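Since the structure comes first, as structure tokens, the remarks are kept for the end.
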Amino acid sequence: MVTAVSFTLNGTAVAAVAEPAETLLSVLRHRLGDTSPKAGCLQGTCGACTVLLDGEPVLSCLLLADAAEGRRVETVRGLADGPTLHPLQEAFMDRFAAQCGFCTPGMIMAAKALLDRNPNPTREEVIEAISGNVCRCTGYLPIIEAILEAARRLAARR
Amino acid sequence: MRIRKELFADERDDDLAIVGKPVRRQDIEGHVTGRTTFFDDRLVPGLLHIRCVRSTHDHARIRAIDTREAERVPGVRRILRWADLPKKAHNILTIFNFGIDDEPALADGKVRYRGEPIVAIVAESLRAADEAVAKVRVDYDPLPAVFDVEEALKPDAPLVNEYIGRNWFRYWGDYDCQQIRFGDVEAAFRQADVIVEGRYQMSPIEHAPLETQGCIVVPGEDGRFTVYTCTQGLHFSLDNTAAQLRLDTNRLHFIGGTVGGGFGGKVDTVVEPLAVLAAMLTGRPVRYVFTRAEEMQVSSPRGAERVYITDGVTRDGRILARKIVHYHDAGAYSRLSTYGTIKSAAHHPGPYWIPNVWVDSFCVFTNRTPSSAMRGFGVTGGDFALESQMDAVARAIGMDPLELRIKNAYRDGDMKAHRKLTEGAALIECIQVAAELARWPLSEEARSASSRIGGGGDRGRVPPTPPARTRLSDRGEGERGRETSRIDAAERPSARATTPPPSWLRSEARAVEARAVEDGARRAAEGGEGRRREEQEPPEPPRPASGHGALRFSSVFGSRRR
Ligand code: FES
Ligand code: FES
């Protein structure tokens, strides 16, 4: 009854078996060993499982693995370029935008989707972009600052 | 940021080099790269999963549990019941020789709150476990439930927890509450110009960590169990799991320290014992993780606290007497609420020198979700009440709220109601700096006040204190059930919540907006007569033996400024 699913994960072609109705989150975590997307609620309310599907943020706990067939999946594990961290990762560290760290992978991926689409967002646009991601620890302000800071650093590079 | 190093300059031996400077968390690179390993990121092959059948009633006797259909669900490996538990009831503080084992890990024939685990299904997949949960039939005999601390103390209230035997916790085997007796509040109320009463109610609050609590247990070939867990207290949870399973501690190896949000909600050690037991009985690795719904409904919240405060105040803003009755809603089981209650008593009457103080702090059982630790529990609720009351007092006498606080603040050398001399007081200076930054005008007197001046002397002595009763419910040990909760009306905690203002004072008190308690006057009148005085001052509560005891892990007795 298992089916095969294949897609690119952080630039690498991968294939995995999946049970019927198995979610992308489960395939990523349990079958491919990428545990960076987290299970905070498994009901689409917290955003901890956010990954990018063809560049768009999706809740991998609600998405059936089949939906990723042939597509491009990105997680925070693929964000760094070798030992060089992505400006979002650097800014999150500098701005103390992670405490327990459980929301962080999903939060950074939601932010990445925003900056890829809109390299120069306003504060309001940042808030909108992470409005589906719950953080219990930070109170959001350091996260918002970090994303704005990352946008500035990316702009300076261009 | 500016650090006011000129304050207490001669006492400082710090350079505060780190304050105000950005510092990187040592674990943050793992967080931003997705490499931090939370307990559930351990990929263990061959896992069994636990799901619990949970009570749909707030309070009920269980007539029968029928698991026959559930056992037939493919993939179900074991169904754990109360009979399987090596220790039939437990409390996480009894490993320190404090408290009473009052909570079964699976229902013991009765459920005392909605969501209480009754049986645990151990299955090859979560889907199989969920299917089996739905097929367990529990036949309940519903009992009347009680959800309010003061209702729970009434003589006819249903008994919540038979292990405790009454709806409140008895401290040191003797005291129905944590008490403070200092000076004579009744006499001082008669001298006061104004009596101000307040009733303050906290809500239970769920910690809501992003990571729900859970653990993965892997049995090793050496007879040991490796437990990957999100507990906030690794050794505390190891010791409690060992105690609950009657295992030597060297059979357990706890790995953790990476907590996906805790806030006090991950110390109760509710998942580890069942998961280790399941691993022992099946010989397989076991995972037990709360769903989001379980995290919100059945993990311990902050306890609801209700605080009554009566102050006797002079017109010029001196608090002469403060009487407090503080109720902690422990829910159905003590967990850490017994300790939170101690903390509240240690924290009252707030950071103020008040020459007459009377406090009763009760740990009360109700049919609500058991509450436990959360961010300063006991203290936070007390402070909310105390500082709201300070504002009410300020309004009642028409005084600036900061001036009132400065006037009554502890100063070095003051005797606290707990019979400790104040040292390192700094409230006055904190308020002065805060007022300056907020451009809040203070009088010359308040601006020139100092924590080092004006304390001690007469303020440094323990005032004559009338003998206090030692017990509310002098019924003797060994009584069980409803009998024990039958306390005399005059002695019932709820009836003693406030002090009767002398009749000549009452109209005046009312005139100055002093009534935050709707029924305060009535309760005051009820509580006014016929209180029994015991013959003698209560002895100091016995200190727990060297290094063991709830006080040991408390910071509430710290006293230094830096
Ligand atoms: S785990 Fe997917 S939204 Fe919470
Ligand atoms: S850092 Fe803990 S939830 Fe966001």
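Scheme for the structure tokens: letters A, B, ... for chains in order shown; per-chain residue numbers from 1; ligand numbers from 1 in order shown.
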Selection near Thr282 (chain B), 10 Å with only C-alpha atoms, sequence-local residues under 5 positions removed, as a ChimeraX atom specification
/B:48,77-78,122,219,276-277
Got a sec to pull out which chain B residues are within 9 Å of chain A, counting only C-alpha atoms, and send them as a ChimeraX atom specification?
/B:22-25,27-38,40-43,207-212,258-262,291-293
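Counting only C-alpha atoms, region 326-331 of chain B has the following residues at most 7 Å away, ignoring those fewer than 3 positions along the same chain: Val149, Gly303, Ala304, Glu305, Arg306, Val307, Tyr308, Ser334, Ser337, Thr341, Asp360, Ser361, Phe362, Cys363, Val364, Phe365, Thr366, Asn367, Arg368, Thr369, Pro370 and Ser371 of chain B.
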Output file for the selection above: N, CA, C and O atoms, as a PDB file, in the first residue's frame:
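Result file is again.pdb:
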```
ATOM      1  N   VAL B 149     -12.419  27.283  44.732  1.00  0.00           N
ATOM      2  CA  VAL B 149     -11.673  27.011  45.969  1.00  0.00           C
ATOM      3  C   VAL B 149     -12.523  27.222  47.221  1.00  0.00           C
ATOM      4  O   VAL B 149     -12.450  26.437  48.171  1.00  0.00           O
ATOM      5  N   GLY B 303      -1.869  27.554  38.484  1.00  0.00           N
ATOM      6  CA  GLY B 303      -3.070  27.423  39.294  1.00  0.00           C
ATOM      7  C   GLY B 303      -3.802  28.749  39.390  1.00  0.00           C
ATOM      8  O   GLY B 303      -3.190  29.814  39.408  1.00  0.00           O
ATOM      9  N   ALA B 304      -5.114  28.663  39.443  1.00  0.00           N
ATOM     10  CA  ALA B 304      -5.885  29.873  39.711  1.00  0.00           C
ATOM     11  C   ALA B 304      -5.663  30.245  41.171  1.00  0.00           C
ATOM     12  O   ALA B 304      -5.712  29.384  42.036  1.00  0.00           O
ATOM     13  N   GLU B 305      -5.393  31.487  41.446  1.00  0.00           N
ATOM     14  CA  GLU B 305      -5.209  31.915  42.832  1.00  0.00           C
ATOM     15  C   GLU B 305      -6.237  32.990  43.133  1.00  0.00           C
ATOM     16  O   GLU B 305      -6.539  33.830  42.293  1.00  0.00           O
ATOM     17  N   ARG B 306      -6.779  32.916  44.333  1.00  0.00           N
ATOM     18  CA  ARG B 306      -7.707  33.949  44.788  1.00  0.00           C
ATOM     19  C   ARG B 306      -7.146  34.536  46.069  1.00  0.00           C
ATOM     20  O   ARG B 306      -6.790  33.791  46.981  1.00  0.00           O
ATOM     21  N   VAL B 307      -7.086  35.846  46.114  1.00  0.00           N
ATOM     22  CA  VAL B 307      -6.442  36.494  47.251  1.00  0.00           C
ATOM     23  C   VAL B 307      -7.365  37.571  47.811  1.00  0.00           C
ATOM     24  O   VAL B 307      -7.834  38.439  47.070  1.00  0.00           O
ATOM     25  N   TYR B 308      -7.631  37.471  49.105  1.00  0.00           N
ATOM     26  CA  TYR B 308      -8.357  38.534  49.804  1.00  0.00           C
ATOM     27  C   TYR B 308      -7.358  39.325  50.641  1.00  0.00           C
ATOM     28  O   TYR B 308      -6.563  38.731  51.380  1.00  0.00           O
ATOM     29  N   SER B 334      -1.894  17.432  43.968  1.00  0.00           N
ATOM     30  CA  SER B 334      -0.981  18.493  44.445  1.00  0.00           C
ATOM     31  C   SER B 334       0.079  18.904  43.441  1.00  0.00           C
ATOM     32  O   SER B 334       0.383  20.079  43.331  1.00  0.00           O
ATOM     33  N   SER B 337       1.768  22.375  43.632  1.00  0.00           N
ATOM     34  CA  SER B 337       0.987  23.470  44.222  1.00  0.00           C
ATOM     35  C   SER B 337       1.230  23.628  45.715  1.00  0.00           C
ATOM     36  O   SER B 337       1.123  24.728  46.256  1.00  0.00           O
ATOM     37  N   THR B 341       2.209  27.289  47.296  1.00  0.00           N
ATOM     38  CA  THR B 341       1.520  27.904  48.425  1.00  0.00           C
ATOM     39  C   THR B 341       2.531  28.388  49.469  1.00  0.00           C
ATOM     40  O   THR B 341       2.377  29.477  50.043  1.00  0.00           O
ATOM     41  N   ASP B 360      -2.974  33.678  55.869  1.00  0.00           N
ATOM     42  CA  ASP B 360      -3.293  32.259  55.728  1.00  0.00           C
ATOM     43  C   ASP B 360      -3.240  31.933  54.238  1.00  0.00           C
ATOM     44  O   ASP B 360      -3.953  32.559  53.452  1.00  0.00           O
ATOM     45  N   SER B 361      -2.400  30.992  53.868  1.00  0.00           N
ATOM     46  CA  SER B 361      -2.283  30.638  52.456  1.00  0.00           C
ATOM     47  C   SER B 361      -2.627  29.153  52.291  1.00  0.00           C
ATOM     48  O   SER B 361      -1.938  28.292  52.829  1.00  0.00           O
ATOM     49  N   PHE B 362      -3.703  28.905  51.571  1.00  0.00           N
ATOM     50  CA  PHE B 362      -4.254  27.543  51.475  1.00  0.00           C
ATOM     51  C   PHE B 362      -3.966  26.909  50.122  1.00  0.00           C
ATOM     52  O   PHE B 362      -4.085  27.554  49.087  1.00  0.00           O
ATOM     53  N   CYS B 363      -3.659  25.632  50.156  1.00  0.00           N
ATOM     54  CA  CYS B 363      -3.583  24.824  48.935  1.00  0.00           C
ATOM     55  C   CYS B 363      -4.868  23.995  48.887  1.00  0.00           C
ATOM     56  O   CYS B 363      -5.077  23.124  49.728  1.00  0.00           O
ATOM     57  N   VAL B 364      -5.741  24.296  47.921  1.00  0.00           N
ATOM     58  CA  VAL B 364      -7.092  23.735  47.903  1.00  0.00           C
ATOM     59  C   VAL B 364      -7.264  22.822  46.688  1.00  0.00           C
ATOM     60  O   VAL B 364      -6.778  23.123  45.600  1.00  0.00           O
ATOM     61  N   PHE B 365      -7.977  21.728  46.898  1.00  0.00           N
ATOM     62  CA  PHE B 365      -8.203  20.765  45.811  1.00  0.00           C
ATOM     63  C   PHE B 365      -9.598  20.944  45.218  1.00  0.00           C
ATOM     64  O   PHE B 365     -10.582  21.098  45.956  1.00  0.00           O
ATOM     65  N   THR B 366      -9.655  20.941  43.887  1.00  0.00           N
ATOM     66  CA  THR B 366     -10.921  21.040  43.158  1.00  0.00           C
ATOM     67  C   THR B 366     -10.873  20.035  42.004  1.00  0.00           C
ATOM     68  O   THR B 366      -9.840  19.418  41.771  1.00  0.00           O
ATOM     69  N   ASN B 367     -11.957  19.937  41.277  1.00  0.00           N
ATOM     70  CA  ASN B 367     -11.977  18.997  40.140  1.00  0.00           C
ATOM     71  C   ASN B 367     -11.508  19.652  38.848  1.00  0.00           C
ATOM     72  O   ASN B 367     -12.007  19.355  37.764  1.00  0.00           O
ATOM     73  N   ARG B 368     -10.547  20.554  38.975  1.00  0.00           N
ATOM     74  CA  ARG B 368      -9.980  21.155  37.766  1.00  0.00           C
ATOM     75  C   ARG B 368      -8.664  20.459  37.427  1.00  0.00           C
ATOM     76  O   ARG B 368      -8.116  19.700  38.225  1.00  0.00           O
ATOM     77  N   THR B 369      -8.168  20.727  36.222  1.00  0.00           N
ATOM     78  CA  THR B 369      -6.887  20.158  35.797  1.00  0.00           C
ATOM     79  C   THR B 369      -5.838  20.463  36.862  1.00  0.00           C
ATOM     80  O   THR B 369      -5.744  21.604  37.308  1.00  0.00           O
ATOM     81  N   PRO B 370      -5.067  19.467  37.286  1.00  0.00           N
ATOM     82  CA  PRO B 370      -4.059  19.748  38.301  1.00  0.00           C
ATOM     83  C   PRO B 370      -3.134  20.867  37.834  1.00  0.00           C
ATOM     84  O   PRO B 370      -2.672  20.864  36.699  1.00  0.00           O
ATOM     85  N   SER B 371      -2.904  21.813  38.712  1.00  0.00           N
ATOM     86  CA  SER B 371      -2.012  22.913  38.360  1.00  0.00           C
ATOM     87  C   SER B 371      -0.639  22.627  38.936  1.00  0.00           C
ATOM     88  O   SER B 371      -0.457  21.721  39.745  1.00  0.00           O
TER      89      SER B 371
END
```
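You will find CA of Asp458 (chain B) at 22.6 Å from CA of Glu429 (chain B).
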Compile the contact shell of region 375-392 of chain B as number ranges by chain: residues with an atom at most 10 Å away, counting only C-alpha atoms, same-chain residues fewer than 6 positions apart removed.
B: 196-203, 207, 262-265, 302-311, 319, 324, 326-328, 336-351, 361, 398-402, 404-405, 513-516, 555-556
